[in-house]
There are 2 protein chains.
Amino acid sequence: MDDPQNKRAVVLLSGGLDSATVVALAQAAGYRVAALSIGYGQRHAAELVAARRVAEVAGIERHVITYIDLRAFGGSALTDDIEVPKGRADAEISNGVPVTYVPARNTIFLAHALALAEVEGAANIFIGVNSLDYSGYPDCRPAYIAAFETMANLATKAAVEGATAIKIQTPLAHMTKADIVQAGLAIGVDYGLTFSCYDPPDPEASTLLHCGECDACLLRRKGFREAGVKDPTRYAV
Amino acid sequence: MDDPQNKRAVVLLSGGLDSATVVALAQAAGYRVAALSIGYGQRHAAELVAARRVAEVAGIERHVITYIDLRAFGGSALTDDIEVPKGRADAEISNGVPVTYVPARNTIFLAHALALAEVEGAANIFIGVNSLDYSGYPDCRPAYIAAFETMANLATKAAVEGATAIKIQTPLAHMTKADIVQAGLAIGVDYGLTFSCYDPPDPEASTLLHCGECDACLLRRKGFREAGVKDPTRYAV
């Protein structure tokens, strides 16, 4: 390994507000970032358009986009024909596991990130989970992330051969959406390039138009409002 | 859940000798099996042809075939243009991590199985790893499997909602290839339907012709020989 401190990192980049912030935070902390975006048959393919723009503007050298087919499994409003809830109150959003939960999604994403980290010789995997806004998703909780890290260190050739240990880094873990927006703006993140909507009105996606009413849009709006800054997002409603 | 004992299982079915045996063992133990096969840009796509035949003959109701693109990552003879070693001695095969190692492959496969298990309401995931023949693959070892199971039980909605715990079952863990062949024949597995070769000479694959010289073919041949039974495989050499 050419860097004894191993400041190489793989960042899971969905193209949303959170992961764009994570890229910027990792770079600001001196990590050389390879980005990984995963298309998963989701309704919000616009995220991948956003991911490409974010990676380009951030000057990322290696951005891998790969595809998996979670529609074959069923069971989520983000991959199936289940209706995405609109206009819900904060308490509804934060309570219980939402229909937009995708079974084992972060496990599948982190597993791919682990593969890329091994190929890249990266000891760090960054993921933009936060346990406040998304308390309903089991695979965003700190205990889950810690267990994944333990497993990862038994999973790879690098582990067997005694190379650098894998670290799963979650810099947003204890931040609210407003905290995230403020942290990102402080280091120059352009949130106009990012995309969060679960149910985009524009199937072409390249306009990055948001519905404005799904849980993700409501959390996004609230984040900018609570941060006391201008929201650069285009909302349909 | 309609079955308090939860005898539902997801079996990772590659179409190889090992996973075909695992399907039969799970069914013999009373599990209702959903099979999951994953195409991963591997050279041995014939495995998927074999997987379809094995699932059909086993009378499996739900067989999900899904695709991922590990070529995007690089780093393995099974997905890249690295040469598959031929005619190696036993000691070479069992020593160190082979070039046919695919980074984080079992983690990615088990993550998909976890998703399917959640959708199917299955508490059991079967995988045909064994720690003898494949001692060089870190993600076949018992400690790795145990760590994945711990992580899986923190990962899912089922875990959060207190439903049945996920169990990763590895019935072949301590069996040699010969043991596996004998166990499978005793419960009627037709090994002529299965496929193991890393470097199939026939790109069309439907003939299930094996090269006869790669590590997987050598282990397969040795298994039948040591089991003292007729090998139904067609080898090119």
# chains A, B, ... in the order shown; residues from 1 in each chain; ligands from 1
>>> interface_residues(of="chain A", to="chain B", cutoff="7 Å", atoms="only C-alpha atoms", output="compact mmCIF listing (two decimals) with C-alpha atoms, in the first residue's frame")
# COMPACT_ATOMS: atom_id res chain seq x y z
CA VAL A 64 -18.16 3.52 -10.44
CA THR A 66 -23.23 -0.29 -11.06
CA TYR A 67 -26.71 -1.74 -11.30
CA ILE A 68 -28.59 -4.32 -9.29
CA ASP A 69 -32.20 -5.43 -9.70
CA ALA A 72 -36.87 -9.01 -8.63
CA PHE A 73 -37.32 -9.20 -4.84
CA GLY A 74 -40.33 -6.95 -4.29
CA GLY A 75 -41.47 -5.51 -0.99
CA VAL A 97 -40.37 1.38 9.32
CA PRO A 103 -35.13 -4.80 2.19
CA ALA A 104 -31.45 -5.11 3.11
CA THR A 107 -26.28 -4.24 3.42
CA ILE A 108 -26.27 -4.74 -0.34
CA ALA A 111 -21.23 -5.11 0.39
CA HIS A 112 -20.57 -3.55 -3.02
CA LEU A 114 -16.51 -3.38 0.42
CA ALA A 115 -15.69 -5.03 -2.93
CA LEU A 116 -14.64 -1.70 -4.41
CA GLU A 118 -10.70 -4.05 -1.62
CA VAL A 119 -9.94 -3.48 -5.30
CA PRO A 138 -32.93 -0.50 10.83
CA ASP A 139 -29.88 -0.43 8.56
CA TYR A 144 -25.93 -2.16 12.56
CA ALA A 147 -21.76 -5.13 13.09
CA PHE A 148 -21.18 -4.60 9.38
CA THR A 150 -16.86 -6.40 12.22
CA MET A 151 -18.12 -8.69 9.44
CA LEU A 154 -13.48 -11.07 8.34
CA ALA A 155 -14.71 -10.98 4.75
CA THR A 156 -11.83 -9.89 2.59
CA LYS A 157 -8.47 -11.01 1.32
CA VAL A 160 -6.84 -12.49 5.85
>>> residues_around(residues="Ala122 of chain B", least_positions_apart="4", cutoff="12 Å", atoms="only C-alpha atoms", output="JSON, numbers by chain")
{"B": [1, 2, 3, 4, 5, 6, 7, 8, 9, 10, 11, 31, 32, 33, 34, 35, 113, 114, 115, 116, 117, 118, 126, 158, 163, 164, 165, 166, 167, 168]}
>>> residues_around(residues="Asp231 of chain B", least_positions_apart="4", cutoff="12 Å", atoms="only C-alpha atoms", output="PDB file with C-alpha atoms, in the first residue's frame")
ATOM      1  CA  LEU B  17     -22.180 -29.261  -7.136  1.00  0.00           C
ATOM      2  CA  ALA B 178     -16.182 -36.468  -1.440  1.00  0.00           C
ATOM      3  CA  VAL B 181     -20.991 -36.050  -3.236  1.00  0.00           C
ATOM      4  CA  GLN B 182     -21.861 -38.997  -0.999  1.00  0.00           C
ATOM      5  CA  LEU B 185     -26.209 -39.069  -3.899  1.00  0.00           C
ATOM      6  CA  ASP B 190     -28.365 -35.578 -10.040  1.00  0.00           C
ATOM      7  CA  TYR B 191     -24.858 -34.125 -10.370  1.00  0.00           C
ATOM      8  CA  GLY B 192     -25.089 -34.349 -14.145  1.00  0.00           C
ATOM      9  CA  LEU B 193     -27.274 -31.222 -13.942  1.00  0.00           C
ATOM     10  CA  THR B 194     -24.644 -29.212 -12.072  1.00  0.00           C
ATOM     11  CA  GLY B 212     -11.320 -30.432 -16.637  1.00  0.00           C
ATOM     12  CA  CYS B 217     -12.756 -29.033 -12.124  1.00  0.00           C
ATOM     13  CA  ARG B 220     -14.810 -31.830  -8.608  1.00  0.00           C
ATOM     14  CA  ARG B 221     -12.997 -34.771 -10.207  1.00  0.00           C
ATOM     15  CA  LYS B 222     -11.184 -35.561  -6.985  1.00  0.00           C
ATOM     16  CA  GLY B 223     -14.479 -35.483  -5.084  1.00  0.00           C
ATOM     17  CA  PHE B 224     -16.095 -38.145  -7.257  1.00  0.00           C
ATOM     18  CA  ARG B 225     -12.906 -40.209  -7.274  1.00  0.00           C
ATOM     19  CA  GLU B 226     -12.532 -40.111  -3.489  1.00  0.00           C
ATOM     20  CA  ALA B 227     -16.230 -40.816  -3.019  1.00  0.00           C
ATOM     21  CA  TYR B 235     -14.811 -32.825 -19.284  1.00  0.00           C
TER      22      TYR B 235
END
>>> atom_distance(atom1="atom CA of Asp215 of chain A", atom2="atom CA of Ala24 of chain A")
24.5 Å
>>> closest_atom_pairs(of="segment 51-145 of chain A", to="segment 195-211 of chain A", cutoff="12 Å", atoms="only C-alpha atoms", output="JSON lines")
{"residue": "A:Ala51", "atom": "CA", "partner": "A:Phe195", "partner_atom": "CA", "distance": 8.4}
{"residue": "A:Arg52", "atom": "CA", "partner": "A:Ser206", "partner_atom": "CA", "distance": 11.0}
{"residue": "A:Arg53", "atom": "CA", "partner": "A:Ser206", "partner_atom": "CA", "distance": 10.5}
{"residue": "A:Val54", "atom": "CA", "partner": "A:Phe195", "partner_atom": "CA", "distance": 10.1}
{"residue": "A:Ser76", "atom": "CA", "partner": "A:Tyr198", "partner_atom": "CA", "distance": 11.7}
{"residue": "A:Ala77", "atom": "CA", "partner": "A:Tyr198", "partner_atom": "CA", "distance": 9.0}
{"residue": "A:Leu78", "atom": "CA", "partner": "A:Tyr198", "partner_atom": "CA", "distance": 7.0}
{"residue": "A:Thr79", "atom": "CA", "partner": "A:Tyr198", "partner_atom": "CA", "distance": 10.3}
{"residue": "A:Asp80", "atom": "CA", "partner": "A:Asp199", "partner_atom": "CA", "distance": 11.9}
{"residue": "A:Asp81", "atom": "CA", "partner": "A:Asp199", "partner_atom": "CA", "distance": 11.3}
{"residue": "A:Ile82", "atom": "CA", "partner": "A:Asp199", "partner_atom": "CA", "distance": 11.2}
{"residue": "A:Glu83", "atom": "CA", "partner": "A:Asp199", "partner_atom": "CA", "distance": 9.2}
{"residue": "A:Val84", "atom": "CA", "partner": "A:Asp199", "partner_atom": "CA", "distance": 6.9}
{"residue": "A:Pro85", "atom": "CA", "partner": "A:Asp199", "partner_atom": "CA", "distance": 9.3}
{"residue": "A:Lys86", "atom": "CA", "partner": "A:Cys211", "partner_atom": "CA", "distance": 9.2}
{"residue": "A:Gly87", "atom": "CA", "partner": "A:Cys211", "partner_atom": "CA", "distance": 10.4}
{"residue": "A:Val99", "atom": "CA", "partner": "A:Tyr198", "partner_atom": "CA", "distance": 11.2}
{"residue": "A:Thr100", "atom": "CA", "partner": "A:Tyr198", "partner_atom": "CA", "distance": 8.1}
{"residue": "A:Tyr101", "atom": "CA", "partner": "A:Tyr198", "partner_atom": "CA", "distance": 11.2}
>>> closest_residue(among="A:Gly128, A:Gly184, A:Gly59, A:Gly30", to="Thr170 of chain A", atoms="only C-alpha atoms")
A:Gly128
>>> select_by_dssp(residues="segment 120-175 of chain B", states="alpha helix (DSSP H)", output="MDAnalysis selection string")
chainID B and resid 120 142:155 157:160
>>> atom_distance(atom1="atom CA of His174 of chain B", atom2="atom CA of Ala20 of chain B")
16.7 Å
>>> residues_around(residues="Ile180 of chain B", least_positions_apart="4", cutoff="8 Å", atoms="only C-alpha atoms", output="ChimeraX atom specification")
/B:18,21,172,175-176,184
>>> select_by_dssp(residues="segment 49-200 of chain B", states="strand (DSSP E)", output="PyMOL selection string")
chain B and resi 62-67+124-126+167-169
>>> atom_distance(atom1="atom CA of Leu48 of chain B", atom2="atom CA of Gly15 of chain B")
6.1 Å
>>> decode(residues="segment 35-86 of chain B", atoms="C-alpha atoms", output="PDB file, in the first residue's frame")
ATOM      1  CA  ALA B  35     -33.719 -20.316  -4.548  1.00  0.00           C
ATOM      2  CA  LEU B  36     -31.610 -17.304  -5.417  1.00  0.00           C
ATOM      3  CA  SER B  37     -29.112 -17.311  -8.274  1.00  0.00           C
ATOM      4  CA  ILE B  38     -26.926 -14.330  -9.048  1.00  0.00           C
ATOM      5  CA  GLY B  39     -25.321 -13.637 -12.404  1.00  0.00           C
ATOM      6  CA  TYR B  40     -22.207 -11.581 -11.797  1.00  0.00           C
ATOM      7  CA  GLY B  41     -20.502 -11.178 -15.124  1.00  0.00           C
ATOM      8  CA  GLN B  42     -18.584 -14.341 -14.434  1.00  0.00           C
ATOM      9  CA  ARG B  43     -16.958 -16.451 -17.095  1.00  0.00           C
ATOM     10  CA  HIS B  44     -18.963 -19.425 -15.988  1.00  0.00           C
ATOM     11  CA  ALA B  45     -22.451 -18.257 -16.982  1.00  0.00           C
ATOM     12  CA  ALA B  46     -23.188 -21.927 -17.619  1.00  0.00           C
ATOM     13  CA  GLU B  47     -23.765 -22.059 -13.867  1.00  0.00           C
ATOM     14  CA  LEU B  48     -27.049 -20.195 -14.379  1.00  0.00           C
ATOM     15  CA  VAL B  49     -28.172 -22.730 -16.984  1.00  0.00           C
ATOM     16  CA  ALA B  50     -27.376 -25.430 -14.443  1.00  0.00           C
ATOM     17  CA  ALA B  51     -29.108 -23.488 -11.650  1.00  0.00           C
ATOM     18  CA  ARG B  52     -32.348 -23.367 -13.666  1.00  0.00           C
ATOM     19  CA  ARG B  53     -32.256 -27.122 -14.258  1.00  0.00           C
ATOM     20  CA  VAL B  54     -31.449 -27.931 -10.640  1.00  0.00           C
ATOM     21  CA  ALA B  55     -34.276 -25.677  -9.376  1.00  0.00           C
ATOM     22  CA  GLU B  56     -36.755 -27.183 -11.809  1.00  0.00           C
ATOM     23  CA  VAL B  57     -35.902 -30.793 -10.975  1.00  0.00           C
ATOM     24  CA  ALA B  58     -36.018 -29.951  -7.242  1.00  0.00           C
ATOM     25  CA  GLY B  59     -39.552 -28.587  -7.674  1.00  0.00           C
ATOM     26  CA  ILE B  60     -38.672 -25.165  -6.274  1.00  0.00           C
ATOM     27  CA  GLU B  61     -41.629 -22.751  -6.510  1.00  0.00           C
ATOM     28  CA  ARG B  62     -39.757 -19.469  -6.375  1.00  0.00           C
ATOM     29  CA  HIS B  63     -36.407 -19.201  -8.122  1.00  0.00           C
ATOM     30  CA  VAL B  64     -35.173 -15.624  -8.383  1.00  0.00           C
ATOM     31  CA  ILE B  65     -32.340 -14.922 -10.809  1.00  0.00           C
ATOM     32  CA  THR B  66     -30.800 -11.495 -10.475  1.00  0.00           C
ATOM     33  CA  TYR B  67     -27.758  -9.829 -12.010  1.00  0.00           C
ATOM     34  CA  ILE B  68     -25.005  -7.660 -10.630  1.00  0.00           C
ATOM     35  CA  ASP B  69     -21.977  -6.281 -12.413  1.00  0.00           C
ATOM     36  CA  LEU B  70     -18.783  -7.108 -10.587  1.00  0.00           C
ATOM     37  CA  ARG B  71     -16.731  -6.460 -13.724  1.00  0.00           C
ATOM     38  CA  ALA B  72     -17.158  -2.775 -12.932  1.00  0.00           C
ATOM     39  CA  PHE B  73     -14.944  -3.404  -9.890  1.00  0.00           C
ATOM     40  CA  GLY B  74     -12.163  -5.551 -11.344  1.00  0.00           C
ATOM     41  CA  GLY B  75      -9.666  -7.600  -9.405  1.00  0.00           C
ATOM     42  CA  SER B  76     -10.613 -11.223 -10.113  1.00  0.00           C
ATOM     43  CA  ALA B  77      -9.871 -13.934 -12.687  1.00  0.00           C
ATOM     44  CA  LEU B  78     -13.574 -14.841 -12.606  1.00  0.00           C
ATOM     45  CA  THR B  79     -14.722 -11.460 -13.863  1.00  0.00           C
ATOM     46  CA  ASP B  80     -11.664 -10.008 -15.634  1.00  0.00           C
ATOM     47  CA  ASP B  81      -9.099 -11.068 -18.209  1.00  0.00           C
ATOM     48  CA  ILE B  82      -6.774 -12.591 -15.633  1.00  0.00           C
ATOM     49  CA  GLU B  83      -5.850 -16.157 -16.616  1.00  0.00           C
ATOM     50  CA  VAL B  84      -7.532 -18.979 -14.693  1.00  0.00           C
ATOM     51  CA  PRO B  85      -4.786 -21.335 -13.434  1.00  0.00           C
ATOM     52  CA  LYS B  86      -4.827 -24.866 -14.863  1.00  0.00           C
TER      53      LYS B  86
END
